[in-house]
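Everything below belongs to upload19.cif, which stores mmCIF, C-alpha atoms (C1' of nucleotides).
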data_model
#
loop_
_atom_site.group_PDB
_atom_site.id
_atom_site.type_symbol
_atom_site.label_atom_id
_atom_site.label_comp_id
_atom_site.auth_asym_id
_atom_site.auth_seq_id
_atom_site.Cartn_x
_atom_site.Cartn_y
_atom_site.Cartn_z
ATOM 1 C CA MET A 195 158.558 110.540 123.679
ATOM 2 C CA SER A 196 157.464 110.326 120.055
ATOM 3 C CA PRO A 197 159.681 112.097 117.514
ATOM 4 C CA LYS A 198 157.476 115.010 116.418
ATOM 5 C CA ILE A 199 158.046 116.780 113.138
ATOM 6 C CA LYS A 200 159.760 120.091 113.638
ATOM 7 C CA HIS A 201 160.818 120.878 110.077
ATOM 8 C CA ALA A 202 158.315 121.731 107.364
ATOM 9 C CA ILE A 203 157.482 119.030 104.823
ATOM 10 C CA PRO A 204 157.634 120.390 101.261
ATOM 11 C CA THR A 205 154.338 119.330 99.721
ATOM 12 C CA THR A 206 154.893 120.577 96.201
ATOM 13 C CA PRO A 207 152.329 119.688 93.524
ATOM 14 C CA GLN A 208 154.873 117.313 92.000
ATOM 15 C CA GLN A 209 155.471 115.553 95.294
ATOM 16 C CA ILE A 210 151.724 115.190 95.740
ATOM 17 C CA ASP A 211 151.439 113.925 92.179
ATOM 18 C CA LEU A 212 154.071 111.275 92.812
ATOM 19 C CA LEU A 213 152.391 110.291 96.058
ATOM 20 C CA PHE A 214 148.886 109.845 94.725
ATOM 21 C CA HIS A 215 150.155 108.118 91.625
ATOM 22 C CA ALA A 216 152.220 105.726 93.723
ATOM 23 C CA LEU A 217 149.305 104.948 96.025
ATOM 24 C CA GLY A 218 146.857 104.639 93.139
ATOM 25 C CA ASP A 219 148.041 101.138 92.293
ATOM 26 C CA PRO A 220 146.812 98.128 94.310
ATOM 27 C CA THR A 221 150.060 96.203 93.840
ATOM 28 C CA ARG A 222 152.047 99.094 95.243
ATOM 29 C CA ARG A 223 149.706 99.380 98.201
ATOM 30 C CA ALA A 224 150.157 95.637 98.714
ATOM 31 C CA ILE A 225 153.915 96.166 98.753
ATOM 32 C CA LEU A 226 153.537 98.834 101.417
ATOM 33 C CA ASP A 227 151.237 96.651 103.489
ATOM 34 C CA ARG A 228 153.728 93.843 103.239
ATOM 35 C CA LEU A 229 156.565 96.096 104.365
ATOM 36 C CA THR A 230 154.581 96.898 107.485
ATOM 37 C CA SER A 231 155.744 93.597 108.911
ATOM 38 C CA GLY A 232 159.340 94.684 108.499
ATOM 39 C CA PRO A 233 162.161 95.277 105.984
ATOM 40 C CA MET A 234 162.357 92.781 103.162
ATOM 41 C CA SER A 235 164.353 91.901 100.053
ATOM 42 C CA VAL A 236 162.895 92.514 96.590
ATOM 43 C CA SER A 237 162.501 88.838 95.756
ATOM 44 C CA ARG A 238 160.862 88.057 99.072
ATOM 45 C CA LEU A 239 158.562 90.978 98.478
ATOM 46 C CA ALA A 240 157.697 89.642 95.032
ATOM 47 C CA GLU A 241 156.831 86.095 96.173
ATOM 48 C CA PRO A 242 153.150 86.486 97.074
ATOM 49 C CA LEU A 243 152.331 89.306 94.676
ATOM 50 C CA GLY A 244 151.863 87.239 91.543
ATOM 51 C CA VAL A 245 154.096 89.441 89.410
ATOM 52 C CA THR A 246 157.670 89.153 88.212
ATOM 53 C CA LEU A 247 160.665 90.420 90.107
ATOM 54 C CA THR A 248 161.157 93.058 87.424
ATOM 55 C CA ALA A 249 157.658 94.407 87.954
ATOM 56 C CA VAL A 250 158.248 94.688 91.690
ATOM 57 C CA ALA A 251 161.527 96.488 91.100
ATOM 58 C CA GLN A 252 159.689 98.976 88.889
ATOM 59 C CA HIS A 253 157.026 99.514 91.532
ATOM 60 C CA LEU A 254 159.718 100.037 94.136
ATOM 61 C CA GLN A 255 161.281 102.777 92.060
ATOM 62 C CA ILE A 256 157.969 104.608 91.923
ATOM 63 C CA LEU A 257 157.433 104.140 95.650
ATOM 64 C CA ALA A 258 160.951 105.388 96.324
ATOM 65 C CA GLU A 259 160.405 108.497 94.186
ATOM 66 C CA ALA A 260 157.282 109.210 96.206
ATOM 67 C CA ARG A 261 159.411 108.702 99.320
ATOM 68 C CA LEU A 262 157.109 106.019 100.612
ATOM 69 C CA VAL A 263 159.839 103.390 100.758
ATOM 70 C CA HIS A 264 163.574 103.500 101.148
ATOM 71 C CA THR A 265 165.785 100.827 99.607
ATOM 72 C CA GLU A 266 169.406 100.007 100.132
ATOM 73 C CA LYS A 267 171.567 97.476 98.361
ATOM 74 C CA LEU A 268 174.057 95.430 100.364
ATOM 75 C CA GLY A 269 175.907 92.807 98.395
ATOM 76 C CA ARG A 270 173.424 91.424 95.918
ATOM 77 C CA VAL A 271 170.367 91.967 98.096
ATOM 78 C CA ARG A 272 168.318 95.146 98.025
ATOM 79 C CA THR A 273 166.507 95.637 101.284
ATOM 80 C CA CYS A 274 163.298 97.678 101.282
ATOM 81 C CA ARG A 275 161.586 99.363 104.136
ATOM 82 C CA ILE A 276 158.894 101.955 104.673
ATOM 83 C CA GLU A 277 159.966 105.577 104.700
ATOM 84 C CA PRO A 278 157.782 107.964 106.690
ATOM 85 C CA VAL A 279 158.515 111.117 104.662
ATOM 86 C CA GLY A 280 155.991 110.420 101.913
ATOM 87 C CA PHE A 281 153.250 109.545 104.352
ATOM 88 C CA ARG A 282 153.828 112.681 106.344
ATOM 89 C CA ALA A 283 153.622 114.762 103.192
ATOM 90 C CA LEU A 284 150.344 113.062 102.343
ATOM 91 C CA GLU A 285 148.947 113.650 105.815
ATOM 92 C CA GLN A 286 150.026 117.256 105.591
ATOM 93 C CA TRP A 287 148.237 117.688 102.291
ATOM 94 C CA ILE A 288 145.048 116.164 103.585
ATOM 95 C CA ARG A 289 145.156 118.179 106.777
ATOM 96 C CA ASP A 290 145.573 121.405 104.814
ATOM 97 C CA HIS A 291 142.754 120.646 102.428
ATOM 98 C CA ARG A 292 140.402 119.238 105.000
ATOM 99 C CA THR A 293 140.488 122.424 107.034
ATOM 100 C CA ALA A 294 139.564 124.374 103.911
ATOM 101 C CA TRP A 295 136.693 122.006 103.182
ATOM 102 C CA GLU A 296 135.460 121.869 106.724
ATOM 103 C CA ARG A 297 135.371 125.647 106.792
ATOM 104 C CA LYS A 298 133.162 125.512 103.708
ATOM 105 C CA LEU A 299 130.967 122.827 105.166
ATOM 106 C CA ASP A 300 130.506 124.874 108.303
ATOM 107 C CA ARG A 301 129.242 127.705 106.155
ATOM 108 C CA LEU A 302 126.768 125.367 104.483
ATOM 109 C CA GLY A 303 125.563 124.409 107.923
ATOM 110 C CA ALA A 304 123.445 121.462 108.955
ATOM 111 C CA PHE A 305 122.392 120.702 105.388
ATOM 112 C CA LEU A 306 125.303 118.448 104.485
ATOM 113 C CA ALA A 307 125.346 116.779 107.873
ATOM 114 C CA GLU A 308 121.820 115.594 107.146
ATOM 115 C CA GLU A 309 122.668 114.404 103.671
ATOM 116 C CA ASP A 310 125.666 112.593 105.101
ATOM 117 C CA GLU A 311 123.563 110.742 107.638
ATOM 118 C CA ALA A 312 121.124 109.645 104.943
ATOM 119 C CA ARG A 313 123.959 107.958 103.012
ATOM 120 C CA MET B 945 130.258 121.863 117.569
ATOM 121 C CA SER B 946 131.658 119.886 114.669
ATOM 122 C CA PRO B 947 129.612 116.927 113.413
ATOM 123 C CA LYS B 948 131.768 113.933 114.380
ATOM 124 C CA ILE B 949 131.646 110.678 112.465
ATOM 125 C CA LYS B 950 129.891 107.942 114.380
ATOM 126 C CA HIS B 951 129.256 105.372 111.659
ATOM 127 C CA ALA B 952 132.033 103.363 110.024
ATOM 128 C CA ILE B 953 133.208 104.400 106.561
ATOM 129 C CA PRO B 954 133.573 101.427 104.205
ATOM 130 C CA THR B 955 137.105 101.745 102.850
ATOM 131 C CA THR B 956 137.113 98.875 100.382
ATOM 132 C CA PRO B 957 140.147 98.444 98.142
ATOM 133 C CA GLN B 958 138.051 99.578 95.184
ATOM 134 C CA GLN B 959 136.960 102.725 96.985
ATOM 135 C CA ILE B 960 140.579 103.458 97.853
ATOM 136 C CA ASP B 961 141.562 102.802 94.249
ATOM 137 C CA LEU B 962 138.987 105.276 92.977
ATOM 138 C CA LEU B 963 140.110 107.818 95.546
ATOM 139 C CA PHE B 964 143.821 107.718 94.827
ATOM 140 C CA HIS B 965 143.237 107.595 91.107
ATOM 141 C CA ALA B 966 140.920 110.598 91.320
ATOM 142 C CA LEU B 967 143.392 112.580 93.393
ATOM 143 C CA GLY B 968 146.336 111.552 91.225
ATOM 144 C CA ASP B 969 145.494 114.100 88.550
ATOM 145 C CA PRO B 970 146.447 117.787 88.981
ATOM 146 C CA THR B 971 143.437 119.035 87.026
ATOM 147 C CA ARG B 972 141.109 117.114 89.313
ATOM 148 C CA ARG B 973 142.843 118.476 92.376
ATOM 149 C CA ALA B 974 142.464 121.954 90.859
ATOM 150 C CA ILE B 975 138.746 121.304 90.484
ATOM 151 C CA LEU B 976 138.522 120.346 94.135
ATOM 152 C CA ASP B 977 140.494 123.397 95.198
ATOM 153 C CA ARG B 978 138.203 125.565 93.147
ATOM 154 C CA LEU B 979 135.129 124.018 94.716
ATOM 155 C CA THR B 980 136.469 124.995 98.120
ATOM 156 C CA SER B 981 135.211 128.498 97.468
ATOM 157 C CA GLY B 982 131.698 127.144 97.006
ATOM 158 C CA PRO B 983 129.360 125.211 94.675
ATOM 159 C CA MET B 984 129.784 125.935 90.990
ATOM 160 C CA SER B 985 128.425 125.010 87.572
ATOM 161 C CA VAL B 986 130.466 122.849 85.193
ATOM 162 C CA SER B 987 131.147 125.622 82.698
ATOM 163 C CA ARG B 988 132.164 128.062 85.399
ATOM 164 C CA LEU B 989 134.432 125.374 86.788
ATOM 165 C CA ALA B 990 135.968 124.865 83.350
ATOM 166 C CA GLU B 991 136.761 128.537 82.685
ATOM 167 C CA PRO B 992 140.192 128.877 84.315
ATOM 168 C CA LEU B 993 141.319 125.281 83.858
ATOM 169 C CA GLY B 994 142.440 125.522 80.247
ATOM 170 C CA VAL B 995 140.539 122.426 79.144
ATOM 171 C CA THR B 996 137.251 121.857 77.349
ATOM 172 C CA LEU B 997 133.902 121.540 79.047
ATOM 173 C CA THR B 998 133.826 117.890 78.020
ATOM 174 C CA ALA B 999 137.116 117.200 79.768
ATOM 175 C CA VAL B 1000 135.840 118.795 82.967
ATOM 176 C CA ALA B 1001 132.646 116.741 82.780
ATOM 177 C CA GLN B 1002 134.779 113.605 82.497
ATOM 178 C CA HIS B 1003 136.875 114.635 85.479
ATOM 179 C CA LEU B 1004 133.729 115.317 87.465
ATOM 180 C CA GLN B 1005 132.457 111.831 86.791
ATOM 181 C CA ILE B 1006 135.655 110.359 88.201
ATOM 182 C CA LEU B 1007 135.509 112.663 91.215
ATOM 183 C CA ALA B 1008 131.875 111.732 91.776
ATOM 184 C CA GLU B 1009 132.658 108.007 91.620
ATOM 185 C CA ALA B 1010 135.325 108.554 94.250
ATOM 186 C CA ARG B 1011 132.715 110.458 96.258
ATOM 187 C CA LEU B 1012 134.854 113.537 96.415
ATOM 188 C CA VAL B 1013 132.260 115.730 94.734
ATOM 189 C CA HIS B 1014 128.510 115.614 94.463
ATOM 190 C CA THR B 1015 126.725 117.029 91.416
ATOM 191 C CA GLU B 1016 123.110 117.793 90.790
ATOM 192 C CA LYS B 1017 121.419 118.966 87.614
ATOM 193 C CA LEU B 1018 118.697 121.581 87.839
ATOM 194 C CA GLY B 1019 117.355 122.774 84.514
ATOM 195 C CA ARG B 1020 120.319 122.858 82.170
ATOM 196 C CA VAL B 1021 122.870 123.659 84.860
ATOM 197 C CA ARG B 1022 124.767 120.994 86.767
ATOM 198 C CA THR B 1023 125.933 122.304 90.106
ATOM 199 C CA CYS B 1024 128.988 120.725 91.695
ATOM 200 C CA ARG B 1025 130.095 120.799 95.267
ATOM 201 C CA ILE B 1026 132.545 118.981 97.496
ATOM 202 C CA GLU B 1027 131.334 115.822 99.152
ATOM 203 C CA PRO B 1028 133.009 114.847 102.416
ATOM 204 C CA VAL B 1029 132.516 111.075 102.148
ATOM 205 C CA GLY B 1030 135.529 110.438 99.919
ATOM 206 C CA PHE B 1031 137.816 112.556 102.039
ATOM 207 C CA ARG B 1032 136.742 110.834 105.199
ATOM 208 C CA ALA B 1033 137.414 107.451 103.609
ATOM 209 C CA LEU B 1034 140.868 108.664 102.632
ATOM 210 C CA GLU B 1035 141.591 109.948 106.109
ATOM 211 C CA GLN B 1036 140.402 106.662 107.538
ATOM 212 C CA TRP B 1037 142.732 104.744 105.266
ATOM 213 C CA ILE B 1038 145.713 106.855 106.184
ATOM 214 C CA ARG B 1039 144.927 106.693 109.874
ATOM 215 C CA ASP B 1040 144.703 102.912 109.745
ATOM 216 C CA HIS B 1041 147.932 102.512 107.859
ATOM 217 C CA ARG B 1042 149.842 105.115 109.758
ATOM 218 C CA THR B 1043 149.250 103.372 113.047
ATOM 219 C CA ALA B 1044 150.605 100.177 111.527
ATOM 220 C CA TRP B 1045 153.678 101.984 110.244
ATOM 221 C CA GLU B 1046 154.288 103.930 113.396
ATOM 222 C CA ARG B 1047 154.121 100.700 115.365
ATOM 223 C CA LYS B 1048 156.839 99.354 113.091
ATOM 224 C CA LEU B 1049 158.893 102.481 113.360
ATOM 225 C CA ASP B 1050 158.688 102.313 117.128
ATOM 226 C CA ARG B 1051 160.106 98.834 116.975
ATOM 227 C CA LEU B 1052 162.990 100.057 114.854
ATOM 228 C CA GLY B 1053 163.594 102.684 117.481
ATOM 229 C CA ALA B 1054 165.784 105.735 117.194
ATOM 230 C CA PHE B 1055 167.444 104.565 113.987
ATOM 231 C CA LEU B 1056 164.864 105.968 111.582
ATOM 232 C CA ALA B 1057 164.382 109.131 113.574
ATOM 233 C CA GLU B 1058 168.040 109.884 112.943
ATOM 234 C CA GLU B 1059 167.845 109.063 109.276
ATOM 235 C CA ASP B 1060 164.782 111.240 109.016
ATOM 236 C CA GLU B 1061 166.585 114.201 110.478
ATOM 237 C CA ALA B 1062 169.484 113.707 108.101
ATOM 238 C CA ARG B 1063 167.174 113.979 105.041
ATOM 239 C "C1'" DC C 120 186.291 78.203 89.960
ATOM 240 C "C1'" DC C 121 181.312 77.330 89.094
ATOM 241 C "C1'" DG C 122 176.716 77.343 89.588
ATOM 242 C "C1'" DA C 123 172.912 79.353 91.805
ATOM 243 C "C1'" DT C 124 171.001 83.619 93.481
ATOM 244 C "C1'" DA C 125 169.467 88.517 93.285
ATOM 245 C "C1'" DC C 126 168.780 91.657 90.920
ATOM 246 C "C1'" DT C 127 169.194 95.306 86.607
ATOM 247 C "C1'" DG C 128 168.321 97.211 81.830
ATOM 248 C "C1'" DA C 129 166.274 97.297 77.520
ATOM 249 C "C1'" DA C 130 162.612 96.515 74.600
ATOM 250 C "C1'" DG C 131 157.929 95.296 73.513
ATOM 251 C "C1'" DT C 132 152.844 95.133 74.333
ATOM 252 C "C1'" DA C 133 148.007 95.320 75.662
ATOM 253 C "C1'" DG C 134 145.200 98.280 78.058
ATOM 254 C "C1'" DT C 135 144.210 102.817 80.226
ATOM 255 C "C1'" DT C 136 144.172 107.892 80.589
ATOM 256 C "C1'" DG C 137 143.412 112.667 79.535
ATOM 257 C "C1'" DC C 138 142.274 115.065 76.108
ATOM 258 C "C1'" DT C 139 140.178 116.561 71.781
ATOM 259 C "C1'" DT C 140 136.377 117.372 68.149
ATOM 260 C "C1'" DC C 141 131.884 116.915 66.364
ATOM 261 C "C1'" DA C 142 127.126 116.082 66.669
ATOM 262 C "C1'" DC C 143 123.364 116.188 69.574
ATOM 263 C "C1'" DT C 144 119.760 117.224 73.307
ATOM 264 C "C1'" DA C 145 117.723 119.981 76.657
ATOM 265 C "C1'" DT C 146 116.701 124.495 78.721
ATOM 266 C "C1'" DT C 147 116.357 129.412 79.098
ATOM 267 C "C1'" DA C 148 115.886 134.294 77.322
ATOM 268 C "C1'" DA C 149 114.540 137.784 73.892
ATOM 269 C "C1'" DT D 714 109.723 130.956 67.809
ATOM 270 C "C1'" DT D 715 114.412 131.481 67.610
ATOM 271 C "C1'" DA D 716 118.922 131.870 69.251
ATOM 272 C "C1'" DA D 717 122.085 131.406 72.672
ATOM 273 C "C1'" DT D 718 123.461 128.617 76.604
ATOM 274 C "C1'" DA D 719 124.728 124.298 79.278
ATOM 275 C "C1'" DG D 720 125.735 120.154 79.103
ATOM 276 C "C1'" DT D 721 125.973 114.969 77.054
ATOM 277 C "C1'" DG D 722 127.639 110.973 74.083
ATOM 278 C "C1'" DA D 723 130.525 108.931 70.921
ATOM 279 C "C1'" DA D 724 134.622 108.401 68.632
ATOM 280 C "C1'" DG D 725 139.473 109.031 68.070
ATOM 281 C "C1'" DC D 726 144.265 109.821 69.460
ATOM 282 C "C1'" DA D 727 148.890 110.487 71.552
ATOM 283 C "C1'" DA D 728 150.995 109.458 75.738
ATOM 284 C "C1'" DC D 729 151.452 106.719 79.606
ATOM 285 C "C1'" DT D 730 151.080 102.474 82.645
ATOM 286 C "C1'" DA D 731 151.754 97.979 84.309
ATOM 287 C "C1'" DC D 732 153.179 94.420 82.941
ATOM 288 C "C1'" DT D 733 156.095 90.880 80.270
ATOM 289 C "C1'" DT D 734 160.438 88.473 78.344
ATOM 290 C "C1'" DC D 735 165.118 88.132 77.554
ATOM 291 C "C1'" DA D 736 169.743 89.104 78.169
ATOM 292 C "C1'" DG D 737 172.859 90.742 81.045
ATOM 293 C "C1'" DT D 738 175.877 91.794 85.757
ATOM 294 C "C1'" DA D 739 177.291 91.223 90.290
ATOM 295 C "C1'" DT D 740 177.635 88.436 94.360
ATOM 296 C "C1'" DC D 741 177.578 84.539 97.348
ATOM 297 C "C1'" DG D 742 178.025 79.372 98.651
ATOM 298 C "C1'" DG D 743 180.348 75.107 98.036
#

Would you mind writing the structure in this file as structure tokens?
Amino acid sequence: MSPKIKHAIPTTPQQIDLLFHALGDPTRRAILDRLTSGPMSVSRLAEPLGVTLTAVAQHLQILAEARLVHTEKLGRVRTCRIEPVGFRALEQWIRDHRTAWERKLDRLGAFLAEEDEAR
Amino acid sequence: MSPKIKHAIPTTPQQIDLLFHALGDPTRRAILDRLTSGPMSVSRLAEPLGVTLTAVAQHLQILAEARLVHTEKLGRVRTCRIEPVGFRALEQWIRDHRTAWERKLDRLGAFLAEEDEAR
DNA sequence: CCGATACTGAAGTAGTTGCTTCACTATTAA
DNA sequence: TTAATAGTGAAGCAACTACTTCAGTATCGG
């Protein structure tokens, strides 16, 4: 069985700010994509990104604050992996807002559906 | 019945960049929230935001580029309303990436589920 | 021990962002 | 016509961002 979320995720404006800011940078999204294939050291993460190790470390701090990655240092190697908390908060935010928007769109009726098809 | 999406949404990196950047600002999110209650003119939108009309117009341009709002000028009034395209692109992006992450998390097994509970 | 490795911290920099003000152009109402 | 309204365009500015380099500090391998 999949581990469903039972506790509420606190999606404070600040948390959301951190999240969107973190995801707003292509390099940081590249880091996340790269971590999809598994946990990785900072230097290994930096290799194909075309930026310095320092830059990656800075990005990682931002991603960690947004709770999108979790890092842990063992010896001299810091291992990074994806953390689900941030993503869940983001999903929560979108879910909440979408329902509000959809409600509005329903009220507007078929009009927008048409316009959407045209695009 | 709700109008389901049948055509693919092009979630190019640039589109995603515009989206996250647009949503990364609290004032812009406030604008979106405000538009939930219905279409609105720029000046009416500006009223409770504590910024100048010019600032709001600038925000609206960014939101429009991200396809989160659609604006239309009739006479001297520009009416703004929420556009679903941007949001759908965002949802698409998250859905795509979540599946990749979940797959990874499955591989890691119970480990992260534990850690997640602890937090 | 000694050199290579893996980062960390501080400082600097070019470019971007969010905001302002001021001047200007429609458009609408009296 | 005139005056108020609604928004646009350009310029400027302080703060922030994504980098960089350089100088460390641990830690591991031989």

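Restricting the calculation to all atoms listed in the file, the smallest distance between DG137 of chain C and any of D:DT733, D:DC741, D:DA727, D:DG722 is found for D:DA727.
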
Residues of chain C at most 9 Å from chain B: nearest atom pair and distance in Å, all atoms listed in the file, as a tab-separated table:
residue	atom	partner	partner_atom	distance
C:DG137	C1'	B:Ala999	CA	7.8
C:DC138	C1'	B:Ala999	CA	6.7
C:DT139	C1'	B:Thr996	CA	8.2
C:DA145	C1'	B:Arg1020	CA	6.7
C:DT146	C1'	B:Arg1020	CA	5.3
C:DT147	C1'	B:Arg1020	CA	8.3

Size and centre in Å, one decimal, axis-aligned box, all listed segment 730-741 of chain D atoms plus 3 Å per side, as AutoDock Vina command-line options:
--center_x 164.4 --center_y 93.5 --center_z 87.5 --size_x 32.6 --size_y 23.9 --size_z 25.8

**Report entry** Atom pair atom CA of Leu993 of chain B / atom CA of Leu213 of chain A: separation (Å)
**Finding:** 22.3 Å

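For DG122 of chain C, the non-local neighbours within 12 Å, defined as residues at least 2 positions apart in the same chain or in other chains and counting all atoms listed in the file, are C:DC120, C:DT124, D:DC741, D:DG742, D:DG743.
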
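Separating atom CA of Leu212 of chain A from atom CA of Ala260 of chain A is a distance of 5.1 Å.
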
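Within 8 Å of chain A, chain B contributes the residues Pro947, Pro957, Ile960, Asp961, Leu962, Leu963, Phe964, His965, Leu967, Gly968, Asp969, Pro970, Thr980, Ser981, Gly982, Ile1026, Val1029, Phe1031, Glu1035, Ile1038, Arg1042, Ala1044, Trp1045, Lys1048, Ala1057 and Asp1060 of chain B, using all atoms listed in the file.
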
For C-alpha atoms, I'd like the residues from the last selection saved as an mmCIF file, in the frame of the given file.
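So the final result, stored in again_29.cif, reads:
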data_model
loop_
_atom_site.group_PDB
_atom_site.id
_atom_site.type_symbol
_atom_site.label_atom_id
_atom_site.label_comp_id
_atom_site.auth_asym_id
_atom_site.auth_seq_id
_atom_site.Cartn_x
_atom_site.Cartn_y
_atom_site.Cartn_z
ATOM 1 C CA PRO B 947 129.612 116.927 113.413
ATOM 2 C CA PRO B 957 140.147 98.444 98.142
ATOM 3 C CA ILE B 960 140.579 103.458 97.853
ATOM 4 C CA ASP B 961 141.562 102.802 94.249
ATOM 5 C CA LEU B 962 138.987 105.276 92.977
ATOM 6 C CA LEU B 963 140.110 107.818 95.546
ATOM 7 C CA PHE B 964 143.821 107.718 94.827
ATOM 8 C CA HIS B 965 143.237 107.595 91.107
ATOM 9 C CA LEU B 967 143.392 112.580 93.393
ATOM 10 C CA GLY B 968 146.336 111.552 91.225
ATOM 11 C CA ASP B 969 145.494 114.100 88.550
ATOM 12 C CA PRO B 970 146.447 117.787 88.981
ATOM 13 C CA THR B 980 136.469 124.995 98.120
ATOM 14 C CA SER B 981 135.211 128.498 97.468
ATOM 15 C CA GLY B 982 131.698 127.144 97.006
ATOM 16 C CA ILE B 1026 132.545 118.981 97.496
ATOM 17 C CA VAL B 1029 132.516 111.075 102.148
ATOM 18 C CA PHE B 1031 137.816 112.556 102.039
ATOM 19 C CA GLU B 1035 141.591 109.948 106.109
ATOM 20 C CA ILE B 1038 145.713 106.855 106.184
ATOM 21 C CA ARG B 1042 149.842 105.115 109.758
ATOM 22 C CA ALA B 1044 150.605 100.177 111.527
ATOM 23 C CA TRP B 1045 153.678 101.984 110.244
ATOM 24 C CA LYS B 1048 156.839 99.354 113.091
ATOM 25 C CA ALA B 1057 164.382 109.131 113.574
ATOM 26 C CA ASP B 1060 164.782 111.240 109.016
#

Report task. May I have the residues of chain D within 9 Å of chain B, counting only C-alpha atoms (C1' of nucleotides), written as a PyMOL selection string? Result -> chain D and resi 718-721

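Coordinates place atom C1' of DC143 of chain C at a distance of 16.3 Å from atom C1' of DA716 of chain D.
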
Report task. Output the residue selection produced by the PyMOL selection byres ((chain D and resi 734) around 10) on the file above, formatted as a ChimeraX atom specification. Result -> /C:130-131 /D:733,735-736

I need the chosen residues saved as an mmCIF file, in the coordinates of the input, with C-alpha atoms (C1' of nucleotides).
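Below you can see again.cif, which holds the result:
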data_model
loop_
_atom_site.group_PDB
_atom_site.id
_atom_site.type_symbol
_atom_site.label_atom_id
_atom_site.label_comp_id
_atom_site.auth_asym_id
_atom_site.auth_seq_id
_atom_site.Cartn_x
_atom_site.Cartn_y
_atom_site.Cartn_z
ATOM 1 C "C1'" DA C 130 162.612 96.515 74.600
ATOM 2 C "C1'" DG C 131 157.929 95.296 73.513
ATOM 3 C "C1'" DT D 733 156.095 90.880 80.270
ATOM 4 C "C1'" DC D 735 165.118 88.132 77.554
ATOM 5 C "C1'" DA D 736 169.743 89.104 78.169
#

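Proximity ranking of A:Gln209, A:Arg261, A:Ile256, A:Cys274 relative to Ala240 of chain A places A:Cys274 first, based on all atoms listed in the file.
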
Report task. On this file, the PyMOL selection byres ((chain D and resi 730) around 10) gives some set of residues; write that set as a list in words. Result -> DG134, DT135 and DT136 of chain C; DA728, DC729, DA731 and DC732 of chain D

For the selection you just gave me, I'd like the residues written to a file as a CSV table (one decimal), in the coordinates of the input, keeping C-alpha atoms (C1' of nucleotides).
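Printed below is part.csv as written:
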chain,number,residue,atom,x,y,z
C,134,DG,C1',145.2,98.3,78.1
C,135,DT,C1',144.2,102.8,80.2
C,136,DT,C1',144.2,107.9,80.6
D,728,DA,C1',151.0,109.5,75.7
D,729,DC,C1',151.5,106.7,79.6
D,731,DA,C1',151.8,98.0,84.3
D,732,DC,C1',153.2,94.4,82.9
